[in-house]
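Asker: Got a structure for you, questions after.
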Amino acid sequence: MITILGPTASGKTPVAATLASEIGGEVISADSRQVYRRMDIGTGKDLADYVVGGQQVSYHLIDIREPGTKYNLFEYQQDFYDVYQDIRQRGREPVLCGGTGLYIEAVLKGYKLSPVPQDQQLRDSLEGKSLAELTQMLTELKAKNGSNMHNTTDVDSCQRAIRAIEIETYNLEHPTPRRELPSVDSIIIGIDIDRELRREKITRRLKKRLEEGMVDEVQSLLHEGIPAEDLIYYGLEYKFITEYLTNQLTYDEMFNRLEIAIHQFAKRQMTWFRGMERRGFVIHWIDATLPMEEKIERIKAIWQKKSSG
């Protein structure tokens, strides 16, 4: 498989779609919000990107859930694997594309996950603890459960350590079988965009999406009866526009806070991808500003070298 990853506004989707059209492939989305129907502008689906040379490129794991529901990593891992197997069985090439680093890492490594619900009371009690304290708690819980660390990836941030503690605590009280899904061998291509260019593109794209009706999109979801707190849960565009529509923010406050939040989000994405490299993934970075033809040629050269090797 080939994986195309990059931060928001790096142009990864057109690269994945163009590549898929040239190698007889189909794109599998790795985006935690594009799974929701009718959340199009805010999640940046840009479905026109999947039409290359007048031909539709098949894509998967977009528009598979209703807004208001909470899709999670456990569900994504199973959905990915079902689609991946189907594409391979039809003799096509899967191209994984996205910016949700956790989703990408989970399917490539074959994380062994349990369908463990969030425990807000436990999370609140762990809030403010240091990474060292959380690591110690997790080590003790894993010893009781006889389970292993995901190397050090369970504890490379407080957020992940808390989730791991949540899983181990749940499994102590409700033993559940872990689902076994294999790891997937993949060439990983990163779309490398200069920080200043990325910031400029994010701001330009945000203005364009607001002009295209992003506020109306969120308003229509509220009119459907989707609670404001559910839309706020999805973060970024849905959080700030909902707060604007419910009179918690002025338009200018909404725009400014949203712009800052998207810049911060892109930075966190890059931090995750660099973390993947530290955890042993090899990412071949390609300059986002290269012409599309040159990007595709470079990716194909890497792919062919790996295939013949």
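Chain identifiers are assigned as A, B, and so on, following the order in which chains appear in the structure tokens; residues are numbered from 1 within each chain, and ligands are numbered from 1 in order of appearance.
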Using only C-alpha atoms, which protein or nucleic acid residues come within 12 Å of A:Tyr59? Drop anything in the same chain fewer than 4 positions from it, and give the result as a PDB file with N, CA and C atoms, in the first residue's frame.
Answerer:
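That gives us part.pdb:
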ATOM      1  N   THR A  13      -4.661  15.447  -0.731  1.00  0.00           N
ATOM      2  CA  THR A  13      -5.746  14.725  -1.411  1.00  0.00           C
ATOM      3  C   THR A  13      -5.589  14.718  -2.935  1.00  0.00           C
ATOM      4  N   ALA A  16      -2.963  12.118  -3.752  1.00  0.00           N
ATOM      5  CA  ALA A  16      -3.438  10.733  -3.592  1.00  0.00           C
ATOM      6  C   ALA A  16      -4.373  10.340  -4.732  1.00  0.00           C
ATOM      7  N   ALA A  17      -5.276  11.252  -5.103  1.00  0.00           N
ATOM      8  CA  ALA A  17      -6.238  10.945  -6.171  1.00  0.00           C
ATOM      9  C   ALA A  17      -5.536  10.800  -7.519  1.00  0.00           C
ATOM     10  N   ALA A  20      -3.611   7.530  -7.497  1.00  0.00           N
ATOM     11  CA  ALA A  20      -4.531   6.393  -7.637  1.00  0.00           C
ATOM     12  C   ALA A  20      -4.997   6.230  -9.077  1.00  0.00           C
ATOM     13  N   SER A  21      -5.261   7.368  -9.754  1.00  0.00           N
ATOM     14  CA  SER A  21      -5.741   7.291 -11.143  1.00  0.00           C
ATOM     15  C   SER A  21      -4.677   6.714 -12.068  1.00  0.00           C
ATOM     16  N   GLY A  25      -5.548   2.595  -8.667  1.00  0.00           N
ATOM     17  CA  GLY A  25      -5.783   2.553  -7.232  1.00  0.00           C
ATOM     18  C   GLY A  25      -7.104   3.162  -6.805  1.00  0.00           C
ATOM     19  N   GLU A  26      -7.387   3.006  -5.527  1.00  0.00           N
ATOM     20  CA  GLU A  26      -8.557   3.612  -4.897  1.00  0.00           C
ATOM     21  C   GLU A  26      -8.098   4.246  -3.584  1.00  0.00           C
ATOM     22  N   VAL A  27      -8.673   5.395  -3.242  1.00  0.00           N
ATOM     23  CA  VAL A  27      -8.226   6.143  -2.070  1.00  0.00           C
ATOM     24  C   VAL A  27      -9.049   5.745  -0.840  1.00  0.00           C
ATOM     25  N   ILE A  28      -8.347   5.464   0.256  1.00  0.00           N
ATOM     26  CA  ILE A  28      -8.996   5.233   1.551  1.00  0.00           C
ATOM     27  C   ILE A  28      -8.692   6.453   2.413  1.00  0.00           C
ATOM     28  N   SER A  29      -9.725   7.154   2.831  1.00  0.00           N
ATOM     29  CA  SER A  29      -9.531   8.361   3.641  1.00  0.00           C
ATOM     30  C   SER A  29      -9.122   7.991   5.068  1.00  0.00           C
ATOM     31  N   ALA A  30      -8.187   8.769   5.618  1.00  0.00           N
ATOM     32  CA  ALA A  30      -7.815   8.655   7.042  1.00  0.00           C
ATOM     33  C   ALA A  30      -8.055  10.021   7.666  1.00  0.00           C
ATOM     34  N   GLN A  34     -14.208  13.487   8.130  1.00  0.00           N
ATOM     35  CA  GLN A  34     -14.827  13.343   6.809  1.00  0.00           C
ATOM     36  C   GLN A  34     -15.744  12.119   6.729  1.00  0.00           C
ATOM     37  N   VAL A  35     -15.772  11.331   7.803  1.00  0.00           N
ATOM     38  CA  VAL A  35     -16.700  10.181   7.844  1.00  0.00           C
ATOM     39  C   VAL A  35     -18.153  10.640   7.933  1.00  0.00           C
ATOM     40  N   LYS A  45     -13.869  18.186   2.488  1.00  0.00           N
ATOM     41  CA  LYS A  45     -13.901  16.965   1.662  1.00  0.00           C
ATOM     42  C   LYS A  45     -13.391  17.219   0.245  1.00  0.00           C
ATOM     43  N   ASP A  46     -13.693  18.377  -0.313  1.00  0.00           N
ATOM     44  CA  ASP A  46     -13.194  18.719  -1.653  1.00  0.00           C
ATOM     45  C   ASP A  46     -13.317  17.533  -2.613  1.00  0.00           C
ATOM     46  N   LEU A  47     -14.541  17.032  -2.752  1.00  0.00           N
ATOM     47  CA  LEU A  47     -14.763  15.813  -3.547  1.00  0.00           C
ATOM     48  C   LEU A  47     -14.385  15.988  -5.017  1.00  0.00           C
ATOM     49  N   ALA A  48     -14.314  17.239  -5.478  1.00  0.00           N
ATOM     50  CA  ALA A  48     -13.878  17.487  -6.863  1.00  0.00           C
ATOM     51  C   ALA A  48     -12.445  17.015  -7.088  1.00  0.00           C
ATOM     52  N   ASP A  49     -11.660  16.932  -6.007  1.00  0.00           N
ATOM     53  CA  ASP A  49     -10.277  16.456  -6.134  1.00  0.00           C
ATOM     54  C   ASP A  49     -10.196  15.007  -6.602  1.00  0.00           C
ATOM     55  N   TYR A  50     -11.302  14.261  -6.407  1.00  0.00           N
ATOM     56  CA  TYR A  50     -11.303  12.842  -6.796  1.00  0.00           C
ATOM     57  C   TYR A  50     -11.706  12.631  -8.254  1.00  0.00           C
ATOM     58  N   VAL A  51     -11.877  13.724  -8.984  1.00  0.00           N
ATOM     59  CA  VAL A  51     -12.092  13.626 -10.433  1.00  0.00           C
ATOM     60  C   VAL A  51     -10.787  14.049 -11.098  1.00  0.00           C
ATOM     61  N   ASP A  63     -18.320  10.031   4.251  1.00  0.00           N
ATOM     62  CA  ASP A  63     -19.791   9.989   4.272  1.00  0.00           C
ATOM     63  C   ASP A  63     -20.332   8.616   4.677  1.00  0.00           C
ATOM     64  N   ILE A  64     -19.828   8.095   5.803  1.00  0.00           N
ATOM     65  CA  ILE A  64     -20.289   6.763   6.244  1.00  0.00           C
ATOM     66  C   ILE A  64     -21.033   6.806   7.578  1.00  0.00           C
ATOM     67  N   PHE A  80     -11.474   0.376   7.973  1.00  0.00           N
ATOM     68  CA  PHE A  80     -10.310   0.435   7.085  1.00  0.00           C
ATOM     69  C   PHE A  80      -9.961  -0.963   6.585  1.00  0.00           C
ATOM     70  N   VAL A  83     -12.330  -2.406   3.948  1.00  0.00           N
ATOM     71  CA  VAL A  83     -12.166  -1.749   2.649  1.00  0.00           C
ATOM     72  C   VAL A  83     -10.835  -2.150   2.009  1.00  0.00           C
ATOM     73  N   TYR A  84      -9.779  -2.172   2.798  1.00  0.00           N
ATOM     74  CA  TYR A  84      -8.445  -2.539   2.316  1.00  0.00           C
ATOM     75  C   TYR A  84      -8.462  -3.934   1.685  1.00  0.00           C
ATOM     76  N   ILE A  87     -10.409  -3.920  -1.660  1.00  0.00           N
ATOM     77  CA  ILE A  87      -9.646  -3.321  -2.764  1.00  0.00           C
ATOM     78  C   ILE A  87      -8.590  -4.304  -3.271  1.00  0.00           C
ATOM     79  N   GLU A  93      -5.059  -1.104  -6.241  1.00  0.00           N
ATOM     80  CA  GLU A  93      -4.032  -0.656  -5.292  1.00  0.00           C
ATOM     81  C   GLU A  93      -4.643   0.305  -4.267  1.00  0.00           C
ATOM     82  N   PRO A  94      -4.571  -0.020  -2.967  1.00  0.00           N
ATOM     83  CA  PRO A  94      -5.082   0.914  -1.966  1.00  0.00           C
ATOM     84  C   PRO A  94      -4.107   2.072  -1.736  1.00  0.00           C
ATOM     85  N   VAL A  95      -4.644   3.291  -1.690  1.00  0.00           N
ATOM     86  CA  VAL A  95      -3.845   4.478  -1.378  1.00  0.00           C
ATOM     87  C   VAL A  95      -4.497   5.137  -0.149  1.00  0.00           C
ATOM     88  N   LEU A  96      -3.837   5.038   0.991  1.00  0.00           N
ATOM     89  CA  LEU A  96      -4.353   5.635   2.215  1.00  0.00           C
ATOM     90  C   LEU A  96      -3.964   7.108   2.233  1.00  0.00           C
ATOM     91  N   CYS A  97      -4.919   7.984   2.564  1.00  0.00           N
ATOM     92  CA  CYS A  97      -4.625   9.421   2.509  1.00  0.00           C
ATOM     93  C   CYS A  97      -5.294  10.144   3.662  1.00  0.00           C
TER      94      CYS A  97
END
Asker: Using only C-alpha atoms, which of A:Gly53, A:Cys158, A:Arg163, A:Glu217 sits nearest A:Gly128?
Answerer: A:Cys158
Asker: Run DSSP on the backbone and tell me which residues of stretch 50-163 of chain A come out as helix (DSSP H, G or I); list them as a PyMOL selection string.
Answerer: chain A and resi 50+73-89+101-109+120-126+131-145+153-155+158-163
Asker: Hey, which of A:Met292, A:Ile23, A:Leu5, A:Val52 ends up closest to A:Gly91? Count only C-alpha atoms.
Answerer: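 Among the listed residues, the smallest separation from A:Gly91 belongs to A:Ile23.
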Asker: Counting only C-alpha atoms, what is within 10 Å of A:Leu210, bar same-chain residues fewer than 5 positions away, as a PyMOL selection string?
Answerer: chain A and resi 41-42+205+215-217+237+241+255
Asker: Could you go through stretch 20-257 of chain A and tell me which residues DSSP, when run on the backbone, assigns to strand (DSSP E or B), listing them as a PyMOL selection string?
Answerer: chain A and resi 25-30+36+51-52+55-56+59-60+65+93-98+187-192
Asker: Go ahead and write the residues just picked, N, CA and C atoms, as an mmCIF file, in the first residue's frame.
Answerer:
data_model
loop_
_atom_site.group_PDB
_atom_site.id
_atom_site.type_symbol
_atom_site.label_atom_id
_atom_site.label_comp_id
_atom_site.auth_asym_id
_atom_site.auth_seq_id
_atom_site.Cartn_x
_atom_site.Cartn_y
_atom_site.Cartn_z
ATOM 1 N N GLY A 25 -5.548 2.595 -8.667
ATOM 2 C CA GLY A 25 -5.783 2.553 -7.232
ATOM 3 C C GLY A 25 -7.104 3.162 -6.805
ATOM 4 N N GLU A 26 -7.387 3.006 -5.527
ATOM 5 C CA GLU A 26 -8.557 3.612 -4.897
ATOM 6 C C GLU A 26 -8.098 4.246 -3.584
ATOM 7 N N VAL A 27 -8.673 5.395 -3.242
ATOM 8 C CA VAL A 27 -8.226 6.143 -2.070
ATOM 9 C C VAL A 27 -9.049 5.745 -0.840
ATOM 10 N N ILE A 28 -8.347 5.464 0.256
ATOM 11 C CA ILE A 28 -8.996 5.233 1.551
ATOM 12 C C ILE A 28 -8.692 6.453 2.413
ATOM 13 N N SER A 29 -9.725 7.154 2.831
ATOM 14 C CA SER A 29 -9.531 8.361 3.641
ATOM 15 C C SER A 29 -9.122 7.991 5.068
ATOM 16 N N ALA A 30 -8.187 8.769 5.618
ATOM 17 C CA ALA A 30 -7.815 8.655 7.042
ATOM 18 C C ALA A 30 -8.055 10.021 7.666
ATOM 19 N N TYR A 36 -18.386 11.910 8.356
ATOM 20 C CA TYR A 36 -19.755 12.372 8.615
ATOM 21 C C TYR A 36 -20.409 12.982 7.383
ATOM 22 N N VAL A 51 -11.877 13.724 -8.984
ATOM 23 C CA VAL A 51 -12.092 13.626 -10.433
ATOM 24 C C VAL A 51 -10.787 14.049 -11.098
ATOM 25 N N VAL A 52 -10.125 13.099 -11.743
ATOM 26 C CA VAL A 52 -8.806 13.348 -12.350
ATOM 27 C C VAL A 52 -8.902 13.059 -13.847
ATOM 28 N N GLN A 55 -12.114 11.646 -15.039
ATOM 29 C CA GLN A 55 -12.501 10.314 -14.544
ATOM 30 C C GLN A 55 -12.630 10.337 -13.019
ATOM 31 N N GLN A 56 -13.670 9.664 -12.522
ATOM 32 C CA GLN A 56 -13.888 9.574 -11.080
ATOM 33 C C GLN A 56 -12.940 8.546 -10.459
ATOM 34 N N TYR A 59 -13.231 6.514 -3.864
ATOM 35 C CA TYR A 59 -12.748 6.835 -2.515
ATOM 36 C C TYR A 59 -13.628 6.124 -1.487
ATOM 37 N N HIS A 60 -13.071 5.924 -0.309
ATOM 38 C CA HIS A 60 -13.748 5.154 0.735
ATOM 39 C C HIS A 60 -13.607 5.837 2.093
ATOM 40 N N ARG A 65 -21.118 7.994 8.204
ATOM 41 C CA ARG A 65 -21.809 8.118 9.486
ATOM 42 C C ARG A 65 -22.673 9.383 9.499
ATOM 43 N N GLU A 93 -5.059 -1.104 -6.241
ATOM 44 C CA GLU A 93 -4.032 -0.656 -5.292
ATOM 45 C C GLU A 93 -4.643 0.305 -4.267
ATOM 46 N N PRO A 94 -4.571 -0.020 -2.967
ATOM 47 C CA PRO A 94 -5.082 0.914 -1.966
ATOM 48 C C PRO A 94 -4.107 2.072 -1.736
ATOM 49 N N VAL A 95 -4.644 3.291 -1.690
ATOM 50 C CA VAL A 95 -3.845 4.478 -1.378
ATOM 51 C C VAL A 95 -4.497 5.137 -0.149
ATOM 52 N N LEU A 96 -3.837 5.038 0.991
ATOM 53 C CA LEU A 96 -4.353 5.635 2.215
ATOM 54 C C LEU A 96 -3.964 7.108 2.233
ATOM 55 N N CYS A 97 -4.919 7.984 2.564
ATOM 56 C CA CYS A 97 -4.625 9.421 2.509
ATOM 57 C C CYS A 97 -5.294 10.144 3.662
ATOM 58 N N GLY A 98 -4.519 10.915 4.402
ATOM 59 C CA GLY A 98 -5.154 11.700 5.449
ATOM 60 C C GLY A 98 -4.199 12.442 6.344
ATOM 61 N N ILE A 187 4.446 1.999 1.920
ATOM 62 C CA ILE A 187 5.380 3.098 1.660
ATOM 63 C C ILE A 187 4.661 4.359 2.130
ATOM 64 N N ILE A 188 5.335 5.189 2.898
ATOM 65 C CA ILE A 188 4.698 6.401 3.425
ATOM 66 C C ILE A 188 5.326 7.629 2.771
ATOM 67 N N ILE A 189 4.468 8.416 2.145
ATOM 68 C CA ILE A 189 4.895 9.666 1.503
ATOM 69 C C ILE A 189 4.320 10.828 2.306
ATOM 70 N N GLY A 190 5.191 11.761 2.711
ATOM 71 C CA GLY A 190 4.727 12.953 3.423
ATOM 72 C C GLY A 190 4.788 14.158 2.500
ATOM 73 N N ILE A 191 3.719 14.958 2.505
ATOM 74 C CA ILE A 191 3.716 16.187 1.707
ATOM 75 C C ILE A 191 4.251 17.307 2.601
ATOM 76 N N ASP A 192 5.412 17.778 2.268
ATOM 77 C CA ASP A 192 6.158 18.724 3.102
ATOM 78 C C ASP A 192 5.897 20.149 2.633
#
Asker: At what distance in Å, to one decimal, does atom CA of A:Ser183 lie from atom CA of A:Ile104?
Answerer: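 Computing the Euclidean distance for atom CA of A:Ile104 and atom CA of A:Ser183 yields 11.0 Å.
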Asker: What is the distance between atom CA of A:Gln85 and atom CA of A:Gly275, in Å to one decimal?
Answerer: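 One can read the atom CA of A:Gln85 to atom CA of A:Gly275 distance as 27.7 Å.
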Asker: I'd like to know which of A:Pro117, A:Pro182, A:Lys208, A:Arg123 is closest to A:Tyr170, using only C-alpha atoms.
Answerer: A:Pro117
